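Text of structure.cif (mmCIF, C-alpha atoms) as supplied:
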```cif
data_entry
#
loop_
_atom_site.label_atom_id
_atom_site.label_comp_id
_atom_site.auth_asym_id
_atom_site.auth_seq_id
_atom_site.Cartn_x
_atom_site.Cartn_y
_atom_site.Cartn_z
CA MET Q 1 -16.74 14.33 11.58
CA PRO Q 2 -13.91 16.74 12.46
CA ALA Q 3 -10.89 16.79 10.15
CA ASN Q 4 -7.36 18.08 10.06
CA ILE Q 5 -4.41 18.08 7.71
CA GLU Q 6 -1.48 16.14 9.12
CA ILE Q 7 2.17 15.53 8.44
CA LYS Q 8 4.70 13.37 10.24
CA ALA Q 9 8.45 13.83 9.85
CA ARG Q 10 11.60 12.37 11.34
CA VAL Q 11 13.58 14.88 13.41
CA LEU Q 12 17.38 14.88 13.26
CA ASP Q 13 18.00 17.76 15.70
CA PRO Q 14 15.23 18.00 18.32
CA ILE Q 15 16.90 20.89 20.15
CA VAL Q 16 16.97 23.15 17.09
CA LEU Q 17 13.41 22.21 16.14
CA ARG Q 18 12.20 22.96 19.66
CA GLN Q 19 13.80 26.42 19.52
CA ARG Q 20 12.09 27.14 16.20
CA ALA Q 21 8.73 25.91 17.49
CA GLU Q 22 9.05 28.12 20.59
CA GLN Q 23 9.72 31.15 18.37
CA LEU Q 24 6.61 30.48 16.27
CA SER Q 25 4.25 29.47 19.08
CA ASP Q 26 1.34 31.58 20.26
CA SER Q 27 1.50 30.06 23.76
CA PRO Q 28 3.88 28.27 26.15
CA VAL Q 29 4.73 24.64 25.54
CA GLU Q 30 2.51 21.95 27.04
CA VAL Q 31 4.34 18.75 28.00
CA MET Q 32 2.34 15.52 27.90
CA THR Q 33 3.08 11.87 28.54
CA GLN Q 34 0.89 9.68 26.36
CA VAL Q 35 0.35 5.94 26.14
CA ASP Q 36 -1.56 4.91 23.02
CA THR Q 37 -2.94 1.38 22.87
CA PHE Q 38 -3.89 0.49 19.28
CA PHE Q 39 -6.55 -2.09 18.52
CA TYR Q 40 -7.07 -4.16 15.38
CA THR Q 41 -9.74 -2.72 13.07
CA GLN Q 42 -11.14 -3.48 9.63
CA ARG Q 43 -10.51 0.11 8.50
CA GLY Q 44 -8.83 3.19 9.92
CA ARG Q 45 -7.09 3.16 13.28
CA LEU Q 46 -8.51 2.93 16.79
CA LYS Q 47 -6.47 3.84 19.85
CA LEU Q 48 -7.02 4.49 23.52
CA ARG Q 49 -4.87 7.44 24.58
CA GLU Q 50 -4.06 7.57 28.28
CA LEU Q 51 -2.95 10.98 29.49
CA GLY Q 52 -2.17 10.34 33.16
CA PRO Q 53 -4.68 11.83 35.58
CA ALA Q 54 -6.73 13.44 32.79
CA PRO Q 55 -9.62 11.57 31.17
CA ALA Q 56 -8.47 9.11 28.52
CA GLN Q 57 -9.48 9.48 24.87
CA LEU Q 58 -10.73 6.75 22.56
CA ILE Q 59 -9.74 8.00 19.11
CA PHE Q 60 -10.82 6.61 15.76
CA TYR Q 61 -9.19 8.12 12.69
CA SER Q 62 -8.90 7.46 9.02
CA ARG Q 63 -6.26 8.91 6.71
CA PRO Q 64 -4.17 7.79 3.75
CA ASP Q 65 -0.72 6.34 4.44
CA ALA Q 66 1.21 8.85 2.37
CA ALA Q 67 4.07 11.24 3.01
CA GLY Q 68 3.14 14.91 2.94
CA PRO Q 69 0.10 16.81 4.16
CA LYS Q 70 -3.01 14.61 4.14
CA ARG Q 71 -6.55 14.80 5.45
CA SER Q 72 -7.38 12.90 8.61
CA ASP Q 73 -10.99 12.42 9.70
CA TYR Q 74 -11.36 11.60 13.38
CA SER Q 75 -13.72 11.08 16.30
CA ILE Q 76 -12.80 11.37 19.98
CA PHE Q 77 -14.68 9.86 22.93
CA LEU Q 78 -13.63 10.87 26.46
CA THR Q 79 -13.69 8.26 29.21
CA GLU Q 80 -13.08 8.34 32.94
CA GLN Q 81 -12.73 4.52 32.91
CA PRO Q 82 -9.78 3.77 30.61
CA ALA Q 83 -8.82 0.48 32.28
CA ALA Q 84 -12.28 -1.03 31.84
CA LEU Q 85 -12.55 0.26 28.26
CA LYS Q 86 -9.09 -1.07 27.39
CA GLU Q 87 -9.98 -4.49 28.80
CA MET Q 88 -13.21 -4.62 26.80
CA LEU Q 89 -11.60 -3.51 23.53
CA SER Q 90 -8.64 -5.84 24.05
CA ARG Q 91 -10.96 -8.81 24.45
CA ALA Q 92 -13.21 -7.80 21.54
CA LEU Q 93 -10.65 -6.58 18.98
CA GLY Q 94 -7.18 -7.56 20.15
CA VAL Q 95 -4.26 -5.24 20.87
CA ARG Q 96 -2.16 -4.31 17.86
CA GLY Q 97 0.50 -2.58 19.94
CA VAL Q 98 1.33 0.16 22.43
CA VAL Q 99 3.11 3.45 21.67
CA ARG Q 100 4.61 5.44 24.55
CA LYS Q 101 5.74 9.00 23.98
CA THR Q 102 6.50 12.34 25.51
CA ARG Q 103 4.87 15.11 23.50
CA LEU Q 104 5.67 18.80 23.47
CA LEU Q 105 2.68 20.74 22.14
CA TYR Q 106 2.98 24.19 20.59
CA LEU Q 107 0.12 26.15 19.04
CA VAL Q 108 0.61 28.32 15.95
CA GLY Q 109 -2.74 29.71 14.79
CA GLN Q 110 -4.87 26.70 13.86
CA THR Q 111 -1.84 24.40 13.75
CA ARG Q 112 -0.81 22.06 16.53
CA ILE Q 113 2.94 21.38 16.48
CA HIS Q 114 3.81 18.11 18.23
CA LEU Q 115 7.45 17.36 19.00
CA ASP Q 116 7.39 13.71 20.02
CA GLU Q 117 9.99 11.49 21.61
CA VAL Q 118 8.66 8.00 20.94
CA GLU Q 119 9.98 5.14 23.02
CA GLY Q 120 12.01 2.79 20.82
CA LEU Q 121 11.70 4.97 17.69
CA GLY Q 122 13.27 8.39 18.34
CA HIS Q 123 12.23 11.99 17.68
CA PHE Q 124 9.45 13.13 15.36
CA LEU Q 125 7.43 16.15 14.31
CA GLU Q 126 3.69 15.99 13.76
CA LEU Q 127 1.70 18.92 12.47
CA GLU Q 128 -2.08 19.02 12.70
CA VAL Q 129 -3.80 21.86 10.91
CA VAL Q 130 -7.29 21.78 12.41
CA LEU Q 131 -9.67 22.57 9.57
CA ARG Q 132 -12.31 25.18 10.32
CA GLU Q 133 -15.92 24.98 9.19
CA GLY Q 134 -15.98 25.35 5.41
CA GLN Q 135 -12.18 25.35 5.07
CA GLY Q 136 -10.87 23.18 2.25
CA GLU Q 137 -8.06 20.65 2.21
CA ASP Q 138 -6.00 22.77 -0.18
CA GLU Q 139 -5.91 25.67 2.26
CA GLY Q 140 -5.01 23.34 5.14
CA GLN Q 141 -2.22 21.76 3.09
CA ALA Q 142 -0.84 25.20 2.23
CA ILE Q 143 -0.77 26.07 5.94
CA ALA Q 144 1.03 22.79 6.74
CA TRP Q 145 3.67 23.40 4.05
CA ASP Q 146 4.18 26.96 5.34
CA VAL Q 147 4.66 25.84 8.95
CA MET Q 148 7.07 23.12 7.78
CA ARG Q 149 9.05 25.74 5.86
CA ARG Q 150 9.12 28.06 8.89
CA LEU Q 151 10.37 25.16 11.05
CA GLY Q 152 13.05 24.28 8.49
CA VAL Q 153 11.63 20.81 7.78
CA GLY Q 154 12.01 19.61 4.20
CA ALA Q 155 9.91 17.15 2.24
CA GLU Q 156 12.71 14.56 2.46
CA ALA Q 157 12.00 14.14 6.21
CA LEU Q 158 8.31 13.28 5.71
CA LEU Q 159 7.03 9.85 6.72
CA GLU Q 160 4.00 7.71 5.92
CA GLY Q 161 1.75 5.98 8.42
CA ALA Q 162 1.45 6.13 12.20
CA TYR Q 163 3.92 5.39 14.98
CA ILE Q 164 2.38 1.93 15.38
CA ASP Q 165 3.23 1.21 11.72
CA LEU Q 166 6.84 2.34 12.26
CA MET Q 167 7.08 0.12 15.33
CA GLU Q 168 5.78 -2.89 13.42
CA LYS Q 169 8.26 -2.25 10.57
CA ARG Q 170 11.10 -1.96 13.08
CA ILE Q 171 10.12 -5.26 14.70
CA THR Q 172 9.84 -7.15 11.40
CA SER Q 173 13.15 -5.81 10.07
CA VAL Q 174 15.16 -6.87 13.14
#
```
Is it possible to give me this structure as structure tokens?
Amino acid sequence: MPANIEIKARVLDPIVLRQRAEQLSDSPVEVMTQVDTFFYTQRGRLKLRELGPAPAQLIFYSRPDAAGPKRSDYSIFLTEQPAALKEMLSRALGVRGVVRKTRLLYLVGQTRIHLDEVEGLGHFLELEVVLREGQGEDEGQAIAWDVMRRLGVGAEALLEGAYIDLMEKRITSV
């Protein structure tokens, strides 16, 4: 199963962070609109990611809910029939919630920098250090900390969980 090292952080100044990401990036920004439908599961998280005209992705992932760089194991299944798959999964598992976001993607070596504007939540940074064959978690975590430092993001901005968790907390605290 593929793995990466991930962090999620709240962003206070998206304009400054975007400028820093552009300076570090190996390629031009890719802008994506994503709708993630999360389904109830016994373990891990399961979401159907709709990407507009591109094939949708059914993504299962498992990672600890902790701030800071952490390992995420994942599987991705591409589908040309997202509506039918969403209907089937909704009936079988139930829909936990839907996250809508605009994502700016920058690539820095083996790190994917995501600058996300999440509907109803605000601005966030996600880093995904895609682990290479035989590469250990420690090395991936060191890369994540280095990219965070280069972006000017401190440990105090780090968050636990996924966007769906933040949405559920926001709803229950209102």
Query raised in the report: Excluding same-chain residues fewer than 6 positions from segment 155-167 of chain Q, what lies within 8 Å of it counting all atoms listed in the file, as a ChimeraX atom specification?
Result: /Q:7-11,38,64-68,97-99,120-121
**Report entry** Shell around His114 of chain Q at 9 Å using only C-alpha atoms, local window under 4 positions removed, as an MDAnalysis selection string
**Finding:** chainID Q and resid 103:107 124:128
Using all atoms listed in the file, which protein or nucleic acid residues come within 10 Å of Arg132 of chain Q? Drop anything in the same chain fewer than 3 positions from it, and give the result as a short mmCIF file (atom, residue, chain, number, x, y, z; two decimals) with C-alpha atoms, keeping the file's coordinate frame.
```cif
data_model
loop_
_atom_site.label_atom_id
_atom_site.label_comp_id
_atom_site.auth_asym_id
_atom_site.auth_seq_id
_atom_site.Cartn_x
_atom_site.Cartn_y
_atom_site.Cartn_z
CA PRO Q 2 -13.91 16.74 12.46
CA ALA Q 3 -10.89 16.79 10.15
CA ASN Q 4 -7.36 18.08 10.06
CA GLN Q 110 -4.87 26.70 13.86
CA VAL Q 129 -3.80 21.86 10.91
CA GLN Q 135 -12.18 25.35 5.07
CA GLY Q 136 -10.87 23.18 2.25
CA GLY Q 140 -5.01 23.34 5.14
#
```
**Report entry** Among the residues Q:Glu50, Q:Gln34, Q:Ser27, Q:Arg20, the one that comes closest to Asp116 of chain Q [using only C-alpha atoms]
**Finding:**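 Closest to Asp116 of chain Q of all the choices is Q:Gln34.
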Edge lengths and centre in Å to one decimal, as JSON, is what I'm after for the box along x, y and z that holds all listed atoms of segment 96-108 of chain Q once 8 Å is added on each side.
```
{"center_x": 2.2, "center_y": 12.0, "center_z": 20.7, "size_x": 24.7, "size_y": 48.6, "size_z": 25.6}
```
Report task. Might you spell out which residues the PyMOL selection byres ((chain Q and resi 42) around 12) would select in the displayed file, as a list in words? Result ->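 Taken over the shown coordinates, the PyMOL selection byres ((chain Q and resi 42) around 12) returns Phe39, Tyr40, Thr41, Arg43, Gly44, Arg45, Leu46, Phe60, Ser62, Leu93 and Gly94 of chain Q.
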Query raised in the report: Quick one: distance from atom CA of Lys70 of chain Q to atom CA of Gly52 of chain Q in Å, one decimal?
Result: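 One can read the atom CA of Lys70 of chain Q to atom CA of Gly52 of chain Q distance as 29.3 Å.
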Report task. With all atoms listed in the file counted, which protein, DNA or RNA residues have an atom no more than 12 Å from (-13.3, 6.7, 36.5) in the file frame? Please answer as a list in words. Result ->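 Those residues lying close to the given coordinates are Pro53, Ala54, Pro55, Ala56, Leu78, Thr79, Glu80, Gln81, Pro82, Ala83, Ala84 and Leu85 of chain Q.
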Query raised in the report: Near Phe77 of chain Q, counting all atoms listed in the file, which residues have an atom at most 8 Å away, once you skip same-chain residues fewer than 2 positions from it, shown as a PyMOL selection string?
Result: chain Q and resi 57-59+75+79
Query raised in the report: Expressed in Å to a single decimal, how great is the separation between atom CA of Val108 of chain Q and atom CA of Leu151 of chain Q?
Result: 11.4 Å
